[in-house]
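Containing compact mmCIF, C-alpha atoms: final-v4.txt.
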```txt
# COMPACT_ATOMS: atom_id res chain seq x y z
CA MET A 619 100.59 92.78 97.56
CA PHE A 620 97.73 93.78 95.29
CA GLY A 621 98.74 94.17 91.70
CA ARG A 622 101.41 91.47 91.92
CA ARG A 623 101.14 88.62 89.41
CA LYS A 624 99.89 85.37 90.89
CA LYS A 625 102.73 83.13 91.95
CA LYS A 626 101.26 80.15 90.08
CA GLU A 627 103.45 81.25 87.15
CA ALA A 628 106.90 80.50 88.47
CA GLU A 629 109.65 82.85 87.42
CA ASP A 630 111.72 79.94 86.14
CA ASP A 631 109.01 79.17 83.56
CA ARG A 632 109.21 82.59 81.95
CA PRO A 633 111.45 83.06 78.86
CA GLY A 634 114.77 84.66 79.74
CA PHE A 635 114.54 86.93 76.67
CA PHE A 636 111.77 88.89 78.33
CA GLU A 637 113.51 89.35 81.65
CA ASP A 638 114.36 92.92 82.61
CA ALA A 639 117.71 93.90 84.00
CA GLU A 640 117.62 93.72 87.77
CA THR A 641 118.51 96.82 89.72
CA ASP A 642 121.20 96.82 92.35
CA ALA A 643 119.37 95.89 95.48
CA GLU A 644 118.67 98.18 98.37
CA ALA A 645 119.34 101.89 98.13
CA GLY A 646 121.32 103.06 101.13
CA ASP A 647 119.30 106.18 101.94
CA ALA A 648 120.35 107.42 105.34
CA ASP A 649 117.58 110.02 105.53
CA ALA A 650 115.30 109.53 108.52
CA ASP A 651 112.27 109.89 106.27
CA TYR A 652 112.94 106.47 104.78
CA GLU A 653 112.48 104.10 107.67
CA ASP A 654 110.91 100.73 106.93
CA ASP A 655 107.70 101.82 108.71
CA TYR A 656 106.76 103.78 105.59
CA ASP A 657 106.89 100.61 103.51
CA ALA A 658 104.15 98.86 105.46
CA VAL A 659 101.26 98.08 103.08
CA THR A 660 97.79 98.14 104.60
CA GLU A 661 94.94 95.88 103.48
CA VAL A 662 93.93 97.49 100.18
CA ASP A 663 90.58 96.45 98.73
CA GLY A 664 91.31 96.47 95.02
CA GLY A 665 94.21 97.07 92.63
CA PRO A 666 96.20 98.22 90.82
CA TYR A 667 95.60 95.01 88.91
CA ASP A 668 97.83 93.13 86.53
CA ALA A 669 95.82 92.48 83.35
CA ASP A 670 97.14 88.92 83.23
CA ASP A 671 95.68 88.25 86.68
CA LEU A 672 92.13 89.16 85.67
CA GLU A 673 89.59 86.80 84.21
CA SER A 674 90.50 85.72 80.69
CA GLY A 675 88.36 87.43 78.07
CA ALA A 676 87.04 90.07 80.47
CA ASP A 677 86.38 93.56 79.11
CA LEU A 678 89.10 95.56 80.85
CA THR A 679 87.43 98.86 79.98
CA VAL A 680 84.55 98.02 82.32
CA GLY A 681 85.70 99.12 85.76
CA GLU A 682 84.22 98.54 89.18
CA VAL A 683 82.59 102.00 89.32
CA GLY A 684 82.60 103.11 85.69
CA THR A 685 84.50 103.06 82.42
CA ARG A 686 88.27 102.69 82.26
CA LEU A 687 90.15 104.73 79.66
CA ASP A 688 92.44 102.39 77.70
CA LEU A 689 95.84 104.08 77.35
CA GLY A 690 97.75 101.03 76.19
CA SER A 691 99.97 100.23 79.15
CA VAL A 692 97.38 101.33 81.72
CA LEU A 693 93.60 101.41 81.87
CA VAL A 694 92.52 104.25 84.14
CA PRO A 695 89.00 104.87 85.44
CA MET A 696 87.56 108.27 84.54
CA PRO A 697 86.13 110.19 87.52
CA GLN A 698 82.79 111.83 86.89
CA GLY A 699 83.21 115.32 85.48
CA ALA A 700 86.95 114.90 84.79
CA GLN A 701 88.63 116.22 81.66
CA LEU A 702 91.77 115.03 79.90
CA GLN A 703 95.05 116.76 79.15
CA VAL A 704 97.30 114.89 76.73
CA GLU A 705 101.00 115.69 77.00
CA MET A 706 102.82 115.33 73.70
CA ALA A 707 106.50 114.76 72.87
CA PRO A 708 108.22 117.00 70.31
CA ASP A 709 107.74 114.25 67.72
CA GLY A 710 103.98 114.36 68.27
CA SER A 711 103.65 111.08 70.15
CA PRO A 712 101.62 110.98 73.40
CA GLN A 713 103.70 110.76 76.55
CA ALA A 714 101.22 111.25 79.41
CA VAL A 715 97.51 111.68 80.00
CA HIS A 716 96.39 113.82 82.92
CA LEU A 717 92.96 113.60 84.57
CA VAL A 718 91.84 117.10 85.54
CA THR A 719 89.21 117.13 88.28
CA GLN A 720 87.55 119.99 90.13
CA HIS A 721 90.01 119.45 92.99
CA GLY A 722 93.27 119.05 91.04
CA ARG A 723 95.19 117.01 88.50
CA ILE A 724 95.90 113.27 88.68
CA THR A 725 98.40 111.46 86.46
CA VAL A 726 98.80 107.67 86.40
CA ALA A 727 101.72 106.13 84.50
CA ALA A 728 103.34 102.69 84.39
CA TYR A 729 107.06 101.91 84.26
CA ALA A 730 109.16 98.82 83.67
CA ALA A 731 110.52 97.30 86.87
CA PRO A 732 112.37 94.20 88.12
CA LYS A 733 110.49 91.07 89.15
CA SER A 734 111.22 91.78 92.81
CA PRO A 735 109.59 94.78 94.52
CA GLY A 736 111.54 97.77 95.77
CA GLN A 737 111.74 100.11 92.77
CA TRP A 738 109.22 102.57 94.22
CA ARG A 739 111.34 102.95 97.37
CA GLU A 740 114.33 103.97 95.25
CA VAL A 741 112.28 106.25 92.99
CA ALA A 742 110.70 107.91 96.02
CA GLY A 743 114.13 108.68 97.45
CA ASP A 744 115.28 110.20 94.14
CA LEU A 745 112.10 112.29 93.90
CA ALA A 746 112.46 113.61 97.44
CA GLU A 747 116.09 114.59 96.84
CA SER A 748 115.29 116.33 93.56
CA LEU A 749 112.35 118.22 95.07
CA ARG A 750 114.44 119.38 98.00
CA ASN A 751 117.09 120.60 95.55
CA ASP A 752 114.30 122.68 94.01
CA ASN A 753 113.66 124.21 97.46
CA ALA A 754 110.40 122.35 98.01
CA THR A 755 109.33 121.32 101.51
CA VAL A 756 109.24 117.51 101.38
CA SER A 757 107.91 114.89 103.76
CA VAL A 758 107.14 111.18 103.53
CA GLU A 759 103.75 109.89 104.62
CA SER A 760 102.35 106.39 104.98
CA GLY A 761 99.47 105.53 102.65
CA PRO A 762 97.53 102.39 101.69
CA TRP A 763 100.39 101.12 99.46
CA GLY A 764 103.21 102.31 101.70
CA ARG A 765 105.25 105.48 101.38
CA GLU A 766 103.93 108.59 99.66
CA VAL A 767 106.12 111.61 98.91
CA PHE A 768 104.44 114.92 99.71
CA ALA A 769 105.93 118.23 98.60
CA VAL A 770 104.87 121.83 99.07
CA THR A 771 106.04 124.07 96.21
CA PRO A 772 105.26 127.71 95.35
CA ASN A 773 102.90 126.65 92.55
CA ALA A 774 101.15 123.56 93.93
CA ASP A 775 101.12 120.87 96.58
CA LEU A 776 102.35 117.58 95.08
CA ARG A 777 101.85 114.00 96.18
CA PHE A 778 103.57 110.98 94.61
CA ILE A 779 102.04 107.54 95.19
CA GLY A 780 103.80 104.42 93.94
CA VAL A 781 102.88 100.75 93.73
CA ASP A 782 105.25 97.89 92.84
CA GLY A 783 103.89 95.05 90.69
CA TYR A 784 105.37 92.13 88.77
CA ARG A 785 107.86 93.71 86.32
CA TRP A 786 105.99 97.02 86.53
CA MET A 787 105.63 99.99 88.81
CA VAL A 788 102.74 102.45 88.81
CA ARG A 789 103.30 106.06 89.81
CA CYS A 790 100.44 108.44 90.50
CA VAL A 791 101.22 112.17 90.61
CA VAL A 792 98.63 114.28 92.40
CA ALA A 793 98.85 118.07 91.97
CA GLY A 794 96.52 120.42 93.83
CA PRO A 795 96.26 123.91 95.29
CA SER A 796 97.94 124.80 98.56
CA GLY A 797 96.27 122.92 101.39
CA GLY A 798 94.13 120.84 99.02
CA ASN A 799 96.39 117.79 98.73
CA THR A 800 96.41 116.51 102.29
CA ALA A 801 95.94 112.82 103.04
CA ASP A 802 92.28 113.38 104.00
CA SER A 803 91.43 115.65 101.04
CA GLU A 804 88.89 114.91 98.30
CA LEU A 805 91.70 115.07 95.72
CA VAL A 806 93.77 112.35 97.38
CA ALA A 807 90.69 110.21 98.00
CA THR A 808 89.91 110.43 94.28
CA ALA A 809 93.50 109.55 93.32
CA ARG A 810 93.53 106.50 95.58
CA ALA A 811 90.16 105.35 94.23
CA ILE A 812 91.55 105.63 90.70
CA LEU A 813 94.60 103.54 91.63
CA ARG A 814 92.42 100.86 93.22
CA ASP A 815 90.64 100.35 89.89
CA THR A 816 93.61 100.80 87.54
CA VAL A 817 94.74 97.91 85.33
CA VAL A 818 98.33 97.55 84.08
CA LYS A 819 99.13 95.84 80.76
CA ARG A 820 102.89 95.29 81.10
CA GLY A 821 103.43 93.31 77.91
CA ASN A 822 106.42 91.05 77.27
CA GLU A 823 108.82 93.60 75.81
CA PRO A 824 112.23 93.65 77.57
CA ASN A 825 112.53 97.24 78.78
CA PRO A 826 115.19 98.70 81.07
CA VAL A 827 113.90 99.38 84.56
CA ARG A 828 112.29 102.79 85.11
CA THR A 829 111.48 103.08 81.40
CA PRO A 830 107.97 104.53 80.95
CA LEU A 831 105.65 102.00 79.35
CA PRO A 832 104.12 103.35 76.13
CA VAL A 833 100.97 105.46 76.10
CA VAL A 834 98.53 104.66 73.29
CA LEU A 835 95.53 106.94 72.84
CA PRO A 836 92.09 105.57 71.95
CA GLU A 837 91.34 106.13 68.25
CA ALA A 838 88.54 108.65 68.91
CA LEU A 839 90.76 110.73 71.18
CA ALA A 840 93.70 110.58 68.75
CA GLN A 841 91.44 111.82 65.94
CA GLN A 842 90.12 114.62 68.12
CA LEU A 843 93.63 115.81 68.95
CA ALA A 844 94.71 115.59 65.31
CA ALA A 845 91.72 117.74 64.28
CA ALA A 846 92.54 120.28 66.98
CA HIS A 847 96.16 120.41 65.82
CA GLN A 848 95.13 120.98 62.20
CA GLN A 849 92.75 123.75 63.28
CA GLN A 850 95.53 125.40 65.26
CA LEU A 851 97.89 125.28 62.26
CA ALA A 852 95.22 126.75 59.99
CA GLN A 853 94.61 129.60 62.41
CA GLN A 854 98.33 130.34 62.62
CA GLN A 855 98.73 130.32 58.84
CA GLY A 856 95.70 132.58 58.37
CA ALA A 857 96.98 135.09 60.90
CA ALA A 858 100.48 135.33 59.41
CA PRO A 859 99.62 137.48 56.31
CA GLN A 860 97.73 139.95 58.48
CA GLN A 861 100.51 140.59 60.96
CA GLY A 862 101.91 143.47 58.92
CA ALA A 863 98.50 145.15 58.53
CA ALA A 864 97.21 145.28 62.08
CA PRO A 865 98.10 143.74 65.43
CA GLN A 866 96.18 140.57 66.14
CA GLN A 867 94.57 139.71 69.43
CA PRO A 868 96.18 136.46 70.65
CA ALA A 869 93.89 133.48 70.95
CA PRO A 870 93.18 132.42 74.53
CA ALA A 871 95.25 129.53 75.79
CA GLY A 872 95.29 127.53 78.96
CA PRO A 873 98.15 127.26 81.45
CA GLN A 874 101.56 126.72 79.86
CA GLY A 875 100.12 127.33 76.41
CA GLU A 876 97.75 124.36 76.40
CA GLN A 877 95.35 124.44 73.46
CA GLN A 878 91.73 123.45 73.91
CA ALA A 879 90.49 120.66 71.69
CA PRO A 880 86.90 120.66 70.39
CA PRO A 881 84.29 119.63 72.98
CA ALA A 882 83.78 115.87 73.24
CA GLU A 883 82.57 113.28 75.69
CA ALA A 884 85.96 113.52 77.42
CA PRO A 885 87.45 116.89 76.36
CA ALA A 886 91.19 116.69 75.79
CA GLN A 887 93.80 119.42 75.95
CA PRO A 888 97.06 118.75 74.07
CA GLN A 889 100.08 119.96 76.00
CA GLN A 890 103.63 120.16 74.70
CA ARG A 891 105.99 117.72 76.36
CA ARG A 892 108.82 119.05 78.52
CA GLY A 893 112.36 117.98 77.81
CA GLU A 894 113.76 114.75 79.08
CA SER A 895 116.17 116.56 81.38
CA GLY A 896 115.33 118.76 84.34
CA SER A 897 114.26 118.58 87.93
CA ALA A 898 111.42 116.59 89.45
CA MET A 899 109.11 119.60 89.37
CA GLN A 900 109.94 120.15 85.69
CA GLN A 901 108.99 116.58 84.82
CA LEU A 902 105.81 115.97 86.84
CA GLY A 903 104.06 114.54 83.82
CA ARG A 904 106.67 111.84 83.31
```

Just give me the structure of the file as structure tokens.
Amino acid sequence: MFGRRKKKEAEDDRPGFFEDAETDAEAGDADADYEDDYDAVTEVDGGPYDADDLESGADLTVGEVGTRLDLGSVLVPMPQGAQLQVEMAPDGSPQAVHLVTQHGRITVAAYAAPKSPGQWREVAGDLAESLRNDNATVSVESGPWGREVFAVTPNADLRFIGVDGYRWMVRCVVAGPSGGNTADSELVATARAILRDTVVKRGNEPNPVRTPLPVVLPEALAQQLAAAHQQQLAQQQGAAPQQGAAPQQPAPAGPQGEQQAPPAEAPAQPQQRRGESGSAMQQLGR
């Protein structure tokens, strides 16, 4: 499978300290959506790639069709015309970076996984169950890397694409308007092209399976977000003394209170992180 570490490095040669806890093997999902046919992987021309499998010394930010954005655990190609939304935790650390295109939003994240494949199958089953509990209409489709979970919700059509690698799993969340997230749509074609050119830097840290691998923002983007945050605080402090004198017109904000950062080569929008608990639809950025 693409993205899997070359087998020239035998598992027995790897230090036991860095081995992740193995999951209990197969999930016994009796749902008819989860037949083995959905796990068939077609011939995919490209990645996701393991950074350790690429040529030593290569510039990982240089992708096959453009520049990859280095986010620490993943390097993600930037589609032309896309903007960034950075989702922040309450402590101010970055938790997810969303690529916002003219067709919809694409989020690529990497997670710790066992050496053997199969984590995406289990995660897909959990996602489908959670989405159905939220009254979404859920189906499973077969894509280039196997099963894809597709859900129709009142707010958006959602597609979850997963790829198992060596001690990592990549999950791509694709969110688009009703009818705009079908398998033959421009949005899904863009998401799959991004996955084919994504690079995963797993690292050697021993993380429990399903733990999100850390997101590290490029220095220029981190400085841009810090400046936007300081500007927002200054505006709030300046408006406070005037609240008793006259009502203030609220500053425009994006969906869910997202604040626009100053224009840049790749404009970024900081977004407050949701809580760690909640349903699948409440945690799409995770």

Thr679 (chain A) environment, 7 Å, only C-alpha atoms, sequence neighbours closer than 3 positions dropped, as a PDB file with C-alpha atoms, keeping the file's coordinate frame:
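That gives us around-v3.pdb:
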```pdb
ATOM      1  CA  THR A 685      84.500 103.060  82.420  1.00  0.00           C
ATOM      2  CA  ARG A 686      88.270 102.690  82.260  1.00  0.00           C
ATOM      3  CA  LEU A 687      90.150 104.730  79.660  1.00  0.00           C
ATOM      4  CA  ASP A 688      92.440 102.390  77.700  1.00  0.00           C
ATOM      5  CA  LEU A 693      93.600 101.410  81.870  1.00  0.00           C
TER       6      LEU A 693
END
```

Q. Taking into account only C-alpha atoms, which residue in the set A:Glu823, A:Asp670, A:Glu682, A:Asp677 is nearest to Met696 (chain A)?
A. A:Glu682

Q. Which polymer residues, protein or nucleic acid, are no farther than 9 Å from (85.1, 101.5, 94.3), counting all atoms listed in the file, as a list in words?
A. Asp663, Gly664, Gly681, Glu682, Val683, Ala811, Ile812, Arg814 and Asp815 of chain A

Take the residues from that selection and write them out as a compact mmCIF listing (two decimals), keeping the file's coordinate frame, keeping C-alpha atoms.
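This went into result34.txt:
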```
# COMPACT_ATOMS: atom_id res chain seq x y z
CA ASP A 663 90.58 96.45 98.73
CA GLY A 664 91.31 96.47 95.02
CA GLY A 681 85.70 99.12 85.76
CA GLU A 682 84.22 98.54 89.18
CA VAL A 683 82.59 102.00 89.32
CA ALA A 811 90.16 105.35 94.23
CA ILE A 812 91.55 105.63 90.70
CA ARG A 814 92.42 100.86 93.22
CA ASP A 815 90.64 100.35 89.89
```

(Q) Using Å and a single decimal, report how far CA of Gln842 (chain A) sits from CA of Gly710 (chain A). (A) 13.9 Å

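The spacing separating CA of Ser748 (chain A) from CA of Ala793 (chain A) amounts to 16.6 Å.
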
At a cut-off of 12 Å, can you tabulate as CSV every residue of region 659-678 of chain A near region 726-735 of chain A together with its closest atom pair and the distance in Å to one decimal, using only C-alpha atoms and ordering rows by chain then number?
```
residue,atom,partner,partner_atom,distance
A:Pro666,CA,A:Ala728,CA,10.6
A:Tyr667,CA,A:Ala728,CA,11.8
A:Asp668,CA,A:Ala728,CA,11.2
```

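Interatomic distance, CA of Ala809 (chain A) to CA of Glu747 (chain A): 23.4 Å.
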
If you take every atom of region 714-719 of chain A that the file lists and fit an axis-aligned box around them with 3 Å extra on each side, what centre and edge lengths come out in Å to one decimal, as AutoDock Vina command-line options?
```
--center_x 95.2 --center_y 114.2 --center_z 83.8 --size_x 18.0 --size_y 11.9 --size_z 14.9
```
